[in-house]
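J.: Sharing a structure with you now.
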Amino acid sequence: MGIDVSGQKVVTFNPNHEYRLVTSPGRNPKISSSHGLKIQSIYRRTKDGDSARDGNPFIYALKSINGFSISLNELRKFKPSFDTILHSVLQGSQFTAVVPMPSSHPIAVILARRIARKAGCQLVPQLFMKNTVGNIVRSFNLANVKPKDLKGVKSQLATYNKLSPQIPVTLKEIDVKIRPYFAPLVINPQVTHIPNGNVLIVDDLISSGTTLRHAQSLLLSSGGQCSMAVCLLSSL
């Protein structure tokens, strides 16, 4: 089961193929691991018709960006597979809190809310904030950069120096090889309590996994625990 995209960028569910997206419960969730963090993706992306590492027509349609759209009637067709796969994802796991990644679109929050309700645990929707360009530039230490990455990192820092320091950090325009040098998140200073126990982090789509790894690192360094993440769509 996959998706079709019309010439007008309207996304529809298609039960007869697995083009662009695999939604069949038999082939999901897609499970991967990144530096000890287990990542379970509800739907598996494919390279057939989709070569964008950081995007997918289904995500674009859910966010109503780049001209893509999807009707509520079409969205309802995904519910049976979504519910079955999510049940498989959560089976045998216990969490004290669910934390979504910050975004201008609420997909991760909606998914995190659904998971928290099913898992019977706390939802902490604003634990993380996007880091700013100014904070990156002020705190960056070139001594931590490997020689082979130095040229690319310096080029990115030069780009940041031309921007307003208040602009949120986004990794989409940064080469995957040097993304780990640029911290995309910080702990929200207004949050005074880091959830105890095992925290599940949630995002809409996994690209390189850098943001998820950084979120896990922030939790661990703040005294929390985190061993798993859930994404709506997998990496390519």
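FYI, nothing fancy with the structure tokens labels: chains A, B, ... in order, residues from 1 per chain, ligands from 1 as they appear.
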Excluding Leu72 in chain A and any residue of its chain fewer than 6 positions from it, enumerate the residues within 12 Å of it, using only C-alpha atoms, and give them as a list of chain:residue names.

T.: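 In the requested format, the answer is A:Val10, A:Val11, A:Thr12, A:Phe13, A:Ala61, A:Leu62, A:Phe78, A:Lys79.
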
J.: With a distance cut-off of 10 Å and only C-alpha atoms, select the neighbouring residues of Leu90 in chain A, excluding the residue or stretch itself and same-chain residues fewer than 6 positions from it, and output the selection as an MDAnalysis selection string.

T.: chainID A and resid 40 115 118:119 230

J.: What is the CA of Met101 in chain A-CA of Val202 in chain A distance in Å, reported with one decimal?

T.: 6.1 Å

J.: Just list the residues in range 17-189 of chain A DSSP gives strand (DSSP E or B) on the backbone, as a PyMOL selection string.

T.: chain A and resi 21-22+30-34+37-45+69+97-100+122-123+128-130+132+168+185-187

J.: Just list the residues in range 102-204 of chain A DSSP gives helix (DSSP H, G or I) on the backbone, as an mmCIF file with C-alpha atoms, in the first residue's frame.

T.:
data_model
loop_
_atom_site.group_PDB
_atom_site.id
_atom_site.type_symbol
_atom_site.label_atom_id
_atom_site.label_comp_id
_atom_site.auth_asym_id
_atom_site.auth_seq_id
_atom_site.Cartn_x
_atom_site.Cartn_y
_atom_site.Cartn_z
ATOM 1 C CA ILE A 107 2.635 16.625 13.194
ATOM 2 C CA ALA A 108 5.147 15.426 15.792
ATOM 3 C CA VAL A 109 2.999 16.827 18.616
ATOM 4 C CA ILE A 110 -0.126 15.108 17.270
ATOM 5 C CA LEU A 111 1.744 11.807 16.947
ATOM 6 C CA ALA A 112 3.274 12.207 20.416
ATOM 7 C CA ARG A 113 -0.146 12.957 21.905
ATOM 8 C CA ARG A 114 -1.576 9.806 20.316
ATOM 9 C CA ILE A 115 1.318 7.723 21.650
ATOM 10 C CA ALA A 116 1.087 9.200 25.166
ATOM 11 C CA ARG A 117 -2.617 8.395 25.275
ATOM 12 C CA LYS A 118 -2.091 4.811 24.145
ATOM 13 C CA ALA A 119 0.929 4.286 26.404
ATOM 14 C CA VAL A 133 22.245 30.600 14.757
ATOM 15 C CA GLY A 134 23.693 33.142 17.198
ATOM 16 C CA ASN A 135 24.033 30.554 19.959
ATOM 17 C CA ILE A 136 25.809 28.166 17.586
ATOM 18 C CA VAL A 137 28.295 30.830 16.485
ATOM 19 C CA ARG A 138 29.005 32.060 20.036
ATOM 20 C CA SER A 139 29.638 28.615 21.493
ATOM 21 C CA LEU A 142 36.716 24.576 15.981
ATOM 22 C CA ALA A 143 39.136 22.477 18.026
ATOM 23 C CA ASN A 144 36.445 19.777 18.162
ATOM 24 C CA PRO A 147 40.546 17.944 9.939
ATOM 25 C CA LYS A 148 38.618 16.340 7.071
ATOM 26 C CA ASP A 149 35.476 18.258 8.067
ATOM 27 C CA LEU A 150 37.101 21.616 8.784
ATOM 28 C CA LYS A 151 36.501 23.194 5.374
ATOM 29 C CA GLY A 152 32.810 22.370 5.335
ATOM 30 C CA VAL A 153 32.285 23.458 8.936
ATOM 31 C CA LYS A 154 34.045 26.807 8.385
ATOM 32 C CA SER A 155 31.913 27.403 5.307
ATOM 33 C CA GLN A 156 28.728 26.765 7.290
ATOM 34 C CA LEU A 157 29.870 29.048 10.109
ATOM 35 C CA ALA A 158 30.564 31.773 7.542
ATOM 36 C CA THR A 159 27.000 31.367 6.285
ATOM 37 C CA TYR A 160 25.650 31.609 9.834
ATOM 38 C CA ASN A 161 27.660 34.801 10.452
ATOM 39 C CA VAL A 176 24.935 15.246 6.268
ATOM 40 C CA LYS A 177 28.617 14.612 7.053
ATOM 41 C CA ILE A 178 28.949 17.783 9.151
ATOM 42 C CA ARG A 179 25.454 17.962 10.674
ATOM 43 C CA PRO A 180 26.592 16.452 14.021
ATOM 44 C CA TYR A 181 28.728 19.555 14.663
#

J.: With a distance cut-off of 7 Å and only C-alpha atoms, select the neighbouring residues of range 17-23 of chain A, excluding the residue or stretch itself and same-chain residues fewer than 5 positions from it, and output the selection as a ChimeraX atom specification.

T.: /A:1-3,43-50,81

J.: Put those residues in a file: N, CA, C and O atoms, as a PDB file, in the first residue's frame.

T.:
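Saved result, result21.pdb, follows:
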ATOM      1  N   MET A   1       0.845  -1.191   0.000  1.00  0.00           N
ATOM      2  CA  MET A   1       0.000   0.000   0.000  1.00  0.00           C
ATOM      3  C   MET A   1       0.878   1.238   0.000  1.00  0.00           C
ATOM      4  O   MET A   1       1.771   1.372   0.833  1.00  0.00           O
ATOM      5  N   GLY A   2       0.632   2.148  -0.961  1.00  0.00           N
ATOM      6  CA  GLY A   2       1.468   3.335  -1.089  1.00  0.00           C
ATOM      7  C   GLY A   2       0.646   4.577  -1.364  1.00  0.00           C
ATOM      8  O   GLY A   2      -0.539   4.636  -1.027  1.00  0.00           O
ATOM      9  N   ILE A   3       1.277   5.570  -1.981  1.00  0.00           N
ATOM     10  CA  ILE A   3       0.581   6.809  -2.292  1.00  0.00           C
ATOM     11  C   ILE A   3       0.767   7.188  -3.747  1.00  0.00           C
ATOM     12  O   ILE A   3       1.771   6.834  -4.379  1.00  0.00           O
ATOM     13  N   TYR A  43       5.818   4.287   9.036  1.00  0.00           N
ATOM     14  CA  TYR A  43       5.743   4.024   7.596  1.00  0.00           C
ATOM     15  C   TYR A  43       7.129   4.097   6.978  1.00  0.00           C
ATOM     16  O   TYR A  43       7.932   4.968   7.318  1.00  0.00           O
ATOM     17  N   ARG A  44       7.381   3.214   6.046  1.00  0.00           N
ATOM     18  CA  ARG A  44       8.675   3.087   5.392  1.00  0.00           C
ATOM     19  C   ARG A  44       8.687   3.906   4.090  1.00  0.00           C
ATOM     20  O   ARG A  44       7.829   3.713   3.217  1.00  0.00           O
ATOM     21  N   ARG A  45       9.633   4.815   3.976  1.00  0.00           N
ATOM     22  CA  ARG A  45       9.785   5.546   2.711  1.00  0.00           C
ATOM     23  C   ARG A  45      10.573   4.705   1.712  1.00  0.00           C
ATOM     24  O   ARG A  45      11.395   3.877   2.092  1.00  0.00           O
ATOM     25  N   THR A  46      10.335   4.944   0.432  1.00  0.00           N
ATOM     26  CA  THR A  46      11.100   4.272  -0.608  1.00  0.00           C
ATOM     27  C   THR A  46      11.710   5.304  -1.547  1.00  0.00           C
ATOM     28  O   THR A  46      11.243   6.446  -1.620  1.00  0.00           O
ATOM     29  N   LYS A  47      12.728   4.901  -2.274  1.00  0.00           N
ATOM     30  CA  LYS A  47      13.367   5.803  -3.226  1.00  0.00           C
ATOM     31  C   LYS A  47      12.616   5.875  -4.548  1.00  0.00           C
ATOM     32  O   LYS A  47      12.962   6.681  -5.411  1.00  0.00           O
ATOM     33  N   ASP A  48      11.601   5.027  -4.701  1.00  0.00           N
ATOM     34  CA  ASP A  48      10.793   5.060  -5.916  1.00  0.00           C
ATOM     35  C   ASP A  48       9.941   6.318  -5.929  1.00  0.00           C
ATOM     36  O   ASP A  48       8.947   6.430  -5.209  1.00  0.00           O
ATOM     37  N   GLY A  49      10.337   7.283  -6.730  1.00  0.00           N
ATOM     38  CA  GLY A  49       9.574   8.515  -6.838  1.00  0.00           C
ATOM     39  C   GLY A  49       9.858   9.506  -5.734  1.00  0.00           C
ATOM     40  O   GLY A  49       9.204  10.545  -5.659  1.00  0.00           O
ATOM     41  N   ASP A  50      10.819   9.236  -4.871  1.00  0.00           N
ATOM     42  CA  ASP A  50      11.109  10.134  -3.754  1.00  0.00           C
ATOM     43  C   ASP A  50      12.592  10.077  -3.431  1.00  0.00           C
ATOM     44  O   ASP A  50      13.066   9.129  -2.826  1.00  0.00           O
ATOM     45  N   SER A  81      -3.959   0.829   9.022  1.00  0.00           N
ATOM     46  CA  SER A  81      -2.557   0.414   9.047  1.00  0.00           C
ATOM     47  C   SER A  81      -1.793   1.173  10.128  1.00  0.00           C
ATOM     48  O   SER A  81      -0.957   0.598  10.840  1.00  0.00           O
TER      49      SER A  81
END

J.: Extract, using only C-alpha atoms, all DNA, RNA and protein residues at most 9 Å from Gln216 in chain A, discarding same-chain residues fewer than 5 positions from it, and format them as number ranges by chain.

T.: A: 37, 199, 201, 211, 221, 224-229

J.: Closest to Leu212 in chain A among A:Ser33, A:Ser93, A:Thr192, A:Ser24, using only C-alpha atoms?

T.: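 Between A:Ser33, A:Ser93, A:Thr192, A:Ser24, the residue approaching Leu212 in chain A most closely is A:Ser33.
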
J.: Could you tell me which of A:Pro57, A:Pro106, A:Pro184, A:Gly209 comes closest to Thr170 in chain A if we count only C-alpha atoms?

T.: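 Among the listed residues, the smallest separation from Thr170 in chain A belongs to A:Pro184.
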
J.: Which distance in Å separates CA of Asn188 in chain A and CA of Ala215 in chain A, to one decimal?

T.: 11.9 Å

J.: For His214 in chain A, list every protein, DNA or RNA residue within 7 Å, evaluated using only C-alpha atoms, and leave out those in the same chain fewer than 4 positions away; present the list as an mmCIF file with N, CA, C and O atoms, in the first residue's frame.

T.:
data_model
loop_
_atom_site.group_PDB
_atom_site.id
_atom_site.type_symbol
_atom_site.label_atom_id
_atom_site.label_comp_id
_atom_site.auth_asym_id
_atom_site.auth_seq_id
_atom_site.Cartn_x
_atom_site.Cartn_y
_atom_site.Cartn_z
ATOM 1 N N ALA A 183 24.461 21.749 16.834
ATOM 2 C CA ALA A 183 23.402 21.310 17.749
ATOM 3 C C ALA A 183 22.076 21.963 17.374
ATOM 4 O O ALA A 183 21.932 23.183 17.501
ATOM 5 N N THR A 210 20.374 12.982 13.072
ATOM 6 C CA THR A 210 21.170 13.880 13.907
ATOM 7 C C THR A 210 20.335 14.538 14.999
ATOM 8 O O THR A 210 20.751 14.610 16.164
ATOM 9 N N LEU A 218 20.781 15.347 25.030
ATOM 10 C CA LEU A 218 20.319 16.382 25.960
ATOM 11 C C LEU A 218 19.589 15.764 27.150
ATOM 12 O O LEU A 218 19.761 16.195 28.293
#

J.: Measuring atom to atom with only C-alpha atoms, identify which of A:Pro25, A:Leu123, A:Ile167, A:Phe128 is nearest to Pro80 in chain A.

T.: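 The answer is A:Pro25, which sits nearest to Pro80 in chain A.
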
J.: For Leu219 in chain A, which of A:Ala97, A:His105, A:Asp204, A:Leu232 is the closest residue, counting only C-alpha atoms?

T.: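 Checking each of A:Ala97, A:His105, A:Asp204, A:Leu232 against Leu219 in chain A, counting only C-alpha atoms, the winner is A:Ala97.
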
J.: Please report the interatomic distance between CA of Ser6 in chain A and CA of Ile70 in chain A in Å with one decimal.

T.: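 Separation between CA of Ser6 in chain A and CA of Ile70 in chain A: 10.7 Å.
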
J.: Under the rule that only C-alpha atoms are counted, which of A:Val191, A:Asp4, A:Ile39, A:Pro165 is the nearest residue to Arg213 in chain A?

T.: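 Distance minimum relative to Arg213 in chain A lands on A:Ile39.
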